[in-house]
Structures are given as C-alpha cells and as structure tokens.
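Containing compact mmCIF, C-alpha atoms and all ligand atoms: query_32.txt.
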# COMPACT_ATOMS: atom_id res chain seq x y z
CA MET C 10 26.68 -44.28 5.01
CA TYR C 11 28.04 -46.47 7.77
CA LYS C 12 26.40 -49.59 9.17
CA ARG C 13 28.92 -50.56 11.85
CA ILE C 14 30.91 -47.92 13.65
CA LEU C 15 33.66 -47.89 16.21
CA LEU C 16 33.21 -44.83 18.36
CA LYS C 17 36.21 -43.65 20.32
CA LEU C 18 35.17 -41.60 23.34
CA SER C 19 37.83 -39.78 25.24
CA GLY C 20 37.86 -40.13 28.99
CA GLU C 21 38.79 -36.47 29.35
CA SER C 22 35.60 -35.26 27.75
CA LEU C 23 33.61 -37.19 30.37
CA VAL C 24 34.83 -34.66 32.91
CA GLY C 25 32.48 -32.05 31.45
CA ASP C 26 32.49 -28.98 33.68
CA LYS C 27 33.87 -30.92 36.64
CA GLY C 28 37.62 -31.02 37.23
CA PHE C 29 37.74 -34.74 37.81
CA GLY C 30 35.64 -37.86 37.36
CA ILE C 31 32.42 -38.28 35.47
CA ASP C 32 30.00 -35.48 34.77
CA PRO C 33 26.46 -36.97 34.85
CA GLU C 34 25.26 -34.59 32.14
CA MET C 35 28.08 -35.49 29.81
CA ILE C 36 27.70 -39.25 30.18
CA MET C 37 23.94 -38.92 29.68
CA HIS C 38 24.61 -36.89 26.55
CA TYR C 39 26.76 -39.73 25.20
CA ALA C 40 24.12 -42.27 26.13
CA GLN C 41 21.36 -40.34 24.35
CA GLU C 42 23.49 -39.95 21.22
CA ILE C 43 24.22 -43.68 21.20
CA LYS C 44 20.57 -44.53 21.82
CA GLU C 45 19.60 -42.46 18.77
CA LEU C 46 22.07 -44.40 16.62
CA VAL C 47 20.79 -47.74 17.89
CA ALA C 48 17.26 -46.61 16.97
CA HIS C 49 18.56 -46.18 13.41
CA ASP C 50 19.93 -49.75 13.37
CA ILE C 51 23.56 -48.69 13.46
CA GLU C 52 25.85 -51.26 15.06
CA ILE C 53 28.02 -49.51 17.62
CA ALA C 54 31.17 -50.54 19.37
CA ILE C 55 32.73 -48.09 21.77
CA VAL C 56 36.28 -47.75 22.94
CA ILE C 57 36.45 -45.48 25.92
CA GLY C 58 39.47 -43.75 27.40
CA GLY C 59 40.31 -43.12 31.02
CA GLY C 60 42.00 -39.72 31.02
CA ASN C 61 39.41 -38.23 33.37
CA ILE C 62 40.68 -40.57 36.07
CA PHE C 63 44.25 -41.52 35.24
CA ARG C 64 46.49 -41.32 32.21
CA GLY C 65 49.58 -43.48 31.80
CA LEU C 66 51.65 -40.40 31.03
CA GLN C 67 50.90 -39.01 34.50
CA ALA C 68 52.82 -41.90 35.99
CA GLY C 69 56.42 -40.71 35.54
CA PRO C 70 56.13 -37.36 37.33
CA ASN C 71 54.29 -39.08 40.19
CA GLY C 72 57.08 -41.58 40.78
CA ILE C 73 55.06 -44.43 39.30
CA ALA C 74 56.69 -46.65 36.68
CA ARG C 75 55.39 -46.12 33.14
CA VAL C 76 54.14 -49.69 32.71
CA GLN C 77 52.33 -49.56 36.04
CA GLY C 78 50.83 -46.21 35.06
CA ASP C 79 49.59 -47.63 31.77
CA TYR C 80 47.81 -50.45 33.59
CA MET C 81 46.31 -47.91 35.99
CA GLY C 82 45.04 -46.02 32.95
CA MET C 83 43.52 -49.23 31.58
CA LEU C 84 41.66 -49.77 34.83
CA ALA C 85 40.40 -46.18 34.60
CA THR C 86 38.81 -47.03 31.24
CA CYS C 87 36.99 -49.91 32.94
CA ILE C 88 35.46 -47.50 35.46
CA ASN C 89 34.24 -45.29 32.62
CA GLY C 90 32.97 -48.30 30.70
CA MET C 91 30.99 -49.51 33.69
CA ALA C 92 29.48 -46.06 34.14
CA LEU C 93 28.57 -45.83 30.46
CA GLN C 94 27.04 -49.29 30.49
CA SER C 95 24.87 -48.37 33.43
CA VAL C 96 23.71 -45.07 31.96
CA LEU C 97 23.01 -46.69 28.59
CA GLU C 98 20.93 -49.34 30.31
CA SER C 99 19.03 -46.64 32.20
CA VAL C 100 17.85 -45.27 28.85
CA GLY C 101 16.92 -48.72 27.54
CA VAL C 102 19.95 -49.63 25.41
CA TYR C 103 21.20 -53.22 25.47
CA THR C 104 24.93 -53.37 26.10
CA ARG C 105 27.80 -55.77 26.66
CA LEU C 106 30.87 -54.67 28.57
CA ILE C 107 34.11 -56.27 27.43
CA SER C 108 37.50 -55.95 29.05
CA ALA C 109 40.88 -56.65 27.50
CA ILE C 110 42.15 -57.46 30.99
CA GLU C 111 40.29 -60.36 32.46
CA MET C 112 37.98 -59.39 35.33
CA ARG C 113 35.04 -61.65 34.79
CA GLU C 114 33.05 -60.39 37.76
CA ILE C 115 32.45 -57.10 35.98
CA ALA C 116 33.06 -57.62 32.28
CA GLU C 117 33.21 -60.30 29.63
CA PRO C 118 36.64 -61.26 28.40
CA TYR C 119 37.43 -60.12 24.88
CA ILE C 120 36.57 -62.75 22.29
CA ARG C 121 36.44 -61.21 18.85
CA ARG C 122 33.77 -63.44 17.39
CA LYS C 123 31.56 -62.97 20.42
CA ALA C 124 31.91 -59.20 20.23
CA ILE C 125 30.82 -59.31 16.58
CA ARG C 126 27.86 -61.52 17.51
CA HIS C 127 26.76 -58.95 20.09
CA LEU C 128 26.88 -56.25 17.43
CA GLU C 129 24.84 -58.37 15.05
CA LYS C 130 22.23 -58.77 17.78
CA GLY C 131 21.99 -54.99 18.14
CA ARG C 132 23.86 -54.69 21.42
CA VAL C 133 26.18 -51.80 22.04
CA VAL C 134 29.59 -53.24 22.78
CA ILE C 135 31.82 -51.28 25.15
CA PHE C 136 35.48 -52.22 24.93
CA THR C 137 37.49 -51.36 28.02
CA ALA C 138 41.06 -51.82 29.29
CA GLY C 139 42.48 -50.61 25.98
CA THR C 140 44.46 -53.29 24.21
CA GLY C 141 45.28 -54.95 27.52
CA SER C 142 48.94 -54.06 27.04
CA PRO C 143 51.00 -51.14 28.25
CA TYR C 144 52.55 -48.65 25.80
CA PHE C 145 49.38 -48.57 23.69
CA THR C 146 46.97 -45.65 23.82
CA THR C 147 43.20 -45.86 23.74
CA ASP C 148 43.41 -44.56 20.18
CA SER C 149 45.48 -47.62 19.31
CA ALA C 150 42.90 -49.83 21.01
CA ALA C 151 40.22 -48.11 18.94
CA ALA C 152 42.17 -48.66 15.72
CA LEU C 153 42.81 -52.30 16.62
CA ARG C 154 39.21 -53.10 17.55
CA ALA C 155 37.81 -51.18 14.57
CA ASN C 156 39.83 -53.42 12.28
CA GLU C 157 39.10 -56.59 14.21
CA ILE C 158 35.33 -56.13 14.18
CA LYS C 159 35.44 -54.89 10.58
CA ALA C 160 33.86 -51.55 11.38
CA ASP C 161 33.05 -49.31 8.42
CA VAL C 162 34.64 -46.33 10.12
CA LEU C 163 36.44 -45.22 13.24
CA LEU C 164 34.80 -42.12 14.68
CA LYS C 165 37.08 -40.19 16.93
CA GLY C 166 34.91 -38.02 19.14
CA THR C 167 36.61 -34.84 20.29
CA ARG C 168 35.68 -31.34 21.36
CA VAL C 169 36.87 -29.83 18.08
CA ASP C 170 34.87 -30.27 14.92
CA GLY C 171 37.60 -31.77 12.77
CA ILE C 172 41.23 -31.57 11.71
CA TYR C 173 42.69 -28.10 11.17
CA ASP C 174 45.94 -26.93 9.59
CA LYS C 175 46.85 -25.49 13.01
CA ASP C 176 45.39 -25.60 16.50
CA PRO C 177 41.98 -23.89 16.20
CA GLU C 178 41.93 -23.19 19.92
CA LYS C 179 45.08 -21.09 19.56
CA HIS C 180 44.81 -19.63 16.04
CA ASP C 181 41.80 -17.70 14.73
CA ASP C 182 42.84 -18.25 11.12
CA ALA C 183 43.08 -22.06 11.42
CA GLU C 184 41.44 -23.78 8.46
CA LYS C 185 39.50 -27.01 8.69
CA PHE C 186 39.88 -29.90 6.25
CA ASP C 187 36.67 -31.66 5.18
CA ALA C 188 38.60 -34.64 3.86
CA ILE C 189 42.27 -35.49 3.88
CA THR C 190 44.42 -38.53 3.14
CA PHE C 191 46.59 -40.40 5.62
CA MET C 192 49.59 -39.33 3.56
CA GLU C 193 48.68 -35.64 3.78
CA VAL C 194 48.28 -35.93 7.54
CA ILE C 195 51.86 -37.20 7.75
CA GLU C 196 53.24 -34.65 5.27
CA LYS C 197 51.58 -31.74 7.06
CA ASN C 198 52.55 -33.16 10.45
CA LEU C 199 48.98 -32.89 11.74
CA LYS C 200 48.02 -34.41 15.05
CA VAL C 201 45.17 -36.86 14.54
CA MET C 202 46.07 -39.96 16.54
CA ASP C 203 49.32 -41.43 17.75
CA MET C 204 51.45 -43.14 15.12
CA THR C 205 50.55 -46.72 16.11
CA ALA C 206 46.83 -46.05 15.78
CA PHE C 207 47.34 -44.05 12.64
CA THR C 208 49.42 -46.73 10.92
CA LEU C 209 46.93 -49.47 11.80
CA CYS C 210 44.16 -47.48 10.13
CA ASN C 211 46.23 -46.47 7.13
CA GLU C 212 47.55 -49.94 6.39
CA ASN C 213 44.15 -51.55 6.76
CA ASP C 214 42.23 -48.90 4.87
CA MET C 215 40.09 -47.96 7.87
CA PRO C 216 38.57 -44.50 7.39
CA VAL C 217 38.81 -42.22 10.41
CA VAL C 218 36.44 -39.34 11.08
CA VAL C 219 37.49 -36.75 13.63
CA MET C 220 34.41 -34.92 14.84
CA ASP C 221 32.81 -32.93 17.62
CA ILE C 222 30.50 -35.19 19.57
CA HIS C 223 29.44 -32.60 22.09
CA GLU C 224 27.08 -31.21 19.47
CA LYS C 225 23.72 -32.99 19.75
CA GLY C 226 22.83 -35.22 16.80
CA ASN C 227 26.21 -34.85 15.10
CA ILE C 228 27.00 -38.55 14.68
CA LEU C 229 23.63 -39.23 13.11
CA LYS C 230 24.14 -36.31 10.73
CA LEU C 231 27.47 -37.76 9.70
CA ILE C 232 25.95 -41.15 9.11
CA ASN C 233 23.22 -39.54 7.03
CA GLY C 234 25.92 -38.17 4.77
CA GLU C 235 26.20 -34.61 6.06
CA ASN C 236 29.55 -32.92 5.94
CA ILE C 237 30.57 -33.32 9.59
CA GLY C 238 34.13 -33.34 10.94
CA THR C 239 37.12 -34.39 8.87
CA THR C 240 37.35 -37.72 7.10
CA VAL C 241 40.78 -39.30 6.72
CA THR C 242 41.08 -41.97 4.05
CA ARG C 243 43.73 -43.57 1.91
P1 LIG C 301 24.13 -64.71 23.24
O1 LIG C 301 23.71 -65.86 24.08
O2 LIG C 301 25.12 -65.04 22.19
O3 LIG C 301 22.95 -63.97 22.66
O4 LIG C 301 24.90 -63.64 24.16
P2 LIG C 301 24.64 -63.22 25.65
O5 LIG C 301 25.67 -62.19 25.97
O6 LIG C 301 23.25 -62.81 25.91
O7 LIG C 301 24.88 -64.57 26.42
P3 LIG C 301 25.78 -64.97 27.60
O8 LIG C 301 25.15 -66.15 28.21
O9 LIG C 301 27.21 -65.03 27.14
O10 LIG C 301 25.71 -63.72 28.60
C1 LIG C 301 24.59 -63.48 29.44
C2 LIG C 301 24.93 -62.27 30.30
O11 LIG C 301 26.08 -62.54 31.09
C3 LIG C 301 25.25 -61.00 29.52
O12 LIG C 301 24.77 -59.88 30.22
C4 LIG C 301 26.76 -60.97 29.48
O13 LIG C 301 27.29 -59.66 29.39
C5 LIG C 301 27.11 -61.61 30.81
N1 LIG C 301 28.39 -62.31 30.76
C6 LIG C 301 28.76 -63.30 29.91
N2 LIG C 301 30.02 -63.69 30.14
C7 LIG C 301 30.47 -62.93 31.17
C8 LIG C 301 31.69 -62.85 31.91
O14 LIG C 301 32.66 -63.54 31.65
N3 LIG C 301 31.74 -61.92 32.91
C9 LIG C 301 30.69 -61.12 33.20
N4 LIG C 301 30.83 -60.23 34.20
N5 LIG C 301 29.54 -61.17 32.56
C10 LIG C 301 29.42 -62.06 31.56
Conversion result in structure tokens:
Amino acid sequence: MYKRILLKLSGESLVGDKGFGIDPEMIMHYAQEIKELVAHDIEIAIVIGGGNIFRGLQAGPNGIARVQGDYMGMLATCINGMALQSVLESVGVYTRLISAIEMREIAEPYIRRKAIRHLEKGRVVIFTAGTGSPYFTTDSAAALRANEIKADVLLKGTRVDGIYDKDPEKHDDAEKFDAITFMEVIEKNLKVMDMTAFTLCNENDMPVVVMDIHEKGNILKLINGENIGTTVTR
C-alpha cells in the first residue's frame, strides 16, 4: 500500500520498562521491525522524539527557559537517533543519520534532496533534532519531513492501537475509529497530534496512521493492507 513511509517514533516509548533512558529490548524491537520493512523494499524515514531523556515542556518547572528546554529536547532526539542508528547497523541495516542542528561530527546536515537520494538507495534515514527550531514538537518535525520527502504516509507509532472517541486507558467503553477525516478529528476534539503537525498534514493531504508499534509485525501488516490502527485522511 505504501512505498515510502515516515515513521514517527516517540522517545518515551524507548524507555520500555525502565524509568529513564533507552531500554535495549525496546530499541532492538524497533530495529527488527524496521529491518523487516527494508527487506520488503519499503523506503523508511524515521523521526525520533526525545521524551525519554528530556522534553521541552519540562523546562519551565525546572527553572529553564522554554526555548532552551526545546533545544535540550532536540539534543535528546539526537542521542536516541544515534542509538537507533547503531542498533540498526548491528542488525545489518544501512542507515544515514541526519540532524536539523548542524553537528557534522555525528550526523549529516539536513539537505532534502540528499535525504531523498538516501531513501532511493534503500538506506534508512533517521531525522534528528526535530525541525531545528524551538516551539515545534517532534510530531511537527514528522509532518514537515513527511511532506518534504513526499512520503506516502506518516505513521505515528504509539502504545495504543489507534484513535478512540475517548481515552481507552481510562474508559472501558472507548470505541476505536478505523478511519476518520481530519475534519472529524477537529470536530470531535480528538487528540492525534498537535495543531501545527495536524494542519501541515491536512493542508498537504498527507495521510496519518496512528498505530501500536509495540506489537510485532504490525507495520508490515498495515502496509500489506490489513486493518491496523486508525487512518486519518482528508
Ligand atoms: P552517496 O554517495 O550519494 O551514495 O551517499 P553517501 O552517504 O554514501 O556518501 P557520502 O560521501 O555523502 O557519505 C559517506 C559517509 O559519510 C556516510 O556514512 C554518511 O552518513 C557520512 N557523512 C556524510 N556527510 C557527513 C557529515 O556531514 N557528517 C557526518 N558525521 N557524516 C557524514
């Protein structure tokens, strides 16, 4: 169904069962899932978050200025990206690490056409440092990069298996949507992504799939046309 995907991985889910940092089992799980996709000739770009290490929103209460906190969060995504690159390489996947904040010793600078070239050559591209600007979330970076690289879909990996009418972790009677429009998400006031990310996808007709990526093989099932997660389209 999809040839080129932008996979948004949350930093928080990298924590796994640990309270902080990177759970080796979780990052290996991600790497194996990605490897499986590469084996099926899917072009994969990843935008990774940094919430397992530092989130911009933590800044205020800690006496750190918001802008400074956002940059700290961006650096956290670089740490995760480096870890993911290493683990992917350990299972034989070719990767290129790209940072929106220049730090050439560890990552390539972001050049859109070069990133696309890497994808065409079958390399997994890991985008780090968000958009490179404060006030933007990793979801916004994912929406931006998905559009820039002309991905067929933005897959938002979460620990819930889709979008529900109410929080499924709090309400037993929450009902899941298989498909929904951007407009309905707004009308029903559902939380999918922040407004900036959401608008970028809506205006540019970029489908978003919210899905559980802790379940082994789920992304491949989705790509093979199985009814996985919730698809948001225009
Ligand atoms: P093609 O030549 O187009 O196939 O791409 P390539 O990525 O193989 O070529 P390039 O010579 O650009 O990169 C060779 C290696 O150096 C790759 O592992 C890149 O990720 C890495 N690399 C390229 N530019 C940078 C940079 O600015 N910083 C860092 N840290 N690594 C870089």
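Taking only C-alpha atoms and all ligand atoms into account, ligand LIG 301 (chain C) has within 6 Å the residues Arg105, Arg113, Glu114, Ile115, Ala116, Glu117 and Pro118 of chain C.
Of note, atom CA of Gly30 of chain C and atom CA of Ala150 of chain C are spaced 21.5 Å apart.
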Name the residues in contact with Lys44 of chain C at a cut-off of 10 Å, using all atoms listed in the file, excluding same-chain residues fewer than 5 positions from it; report them as a PyMOL selection string. chain C and resi 38-39+49-51+53+97-98+100-103+133
Residues at most 8 Å from Pro216 of chain C, counting all atoms listed in the file, excluding those fewer than 6 positions away in the same chain, as a PyMOL selection string? chain C and resi 161-163+210+240-243
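Between atom CA of Ile55 of chain C and atom CA of Ala188 of chain C there is a distance of 23.2 Å.
Considering only C-alpha atoms, the residue among C:Arg168, C:Lys225, C:Arg13, C:Arg64 positioned nearest to Gly131 of chain C is C:Arg13.
Proximity ranking of C:Tyr11, C:Val56, C:Arg122, C:Met204 relative to Lys230 of chain C places C:Tyr11 first, based on all atoms listed in the file.
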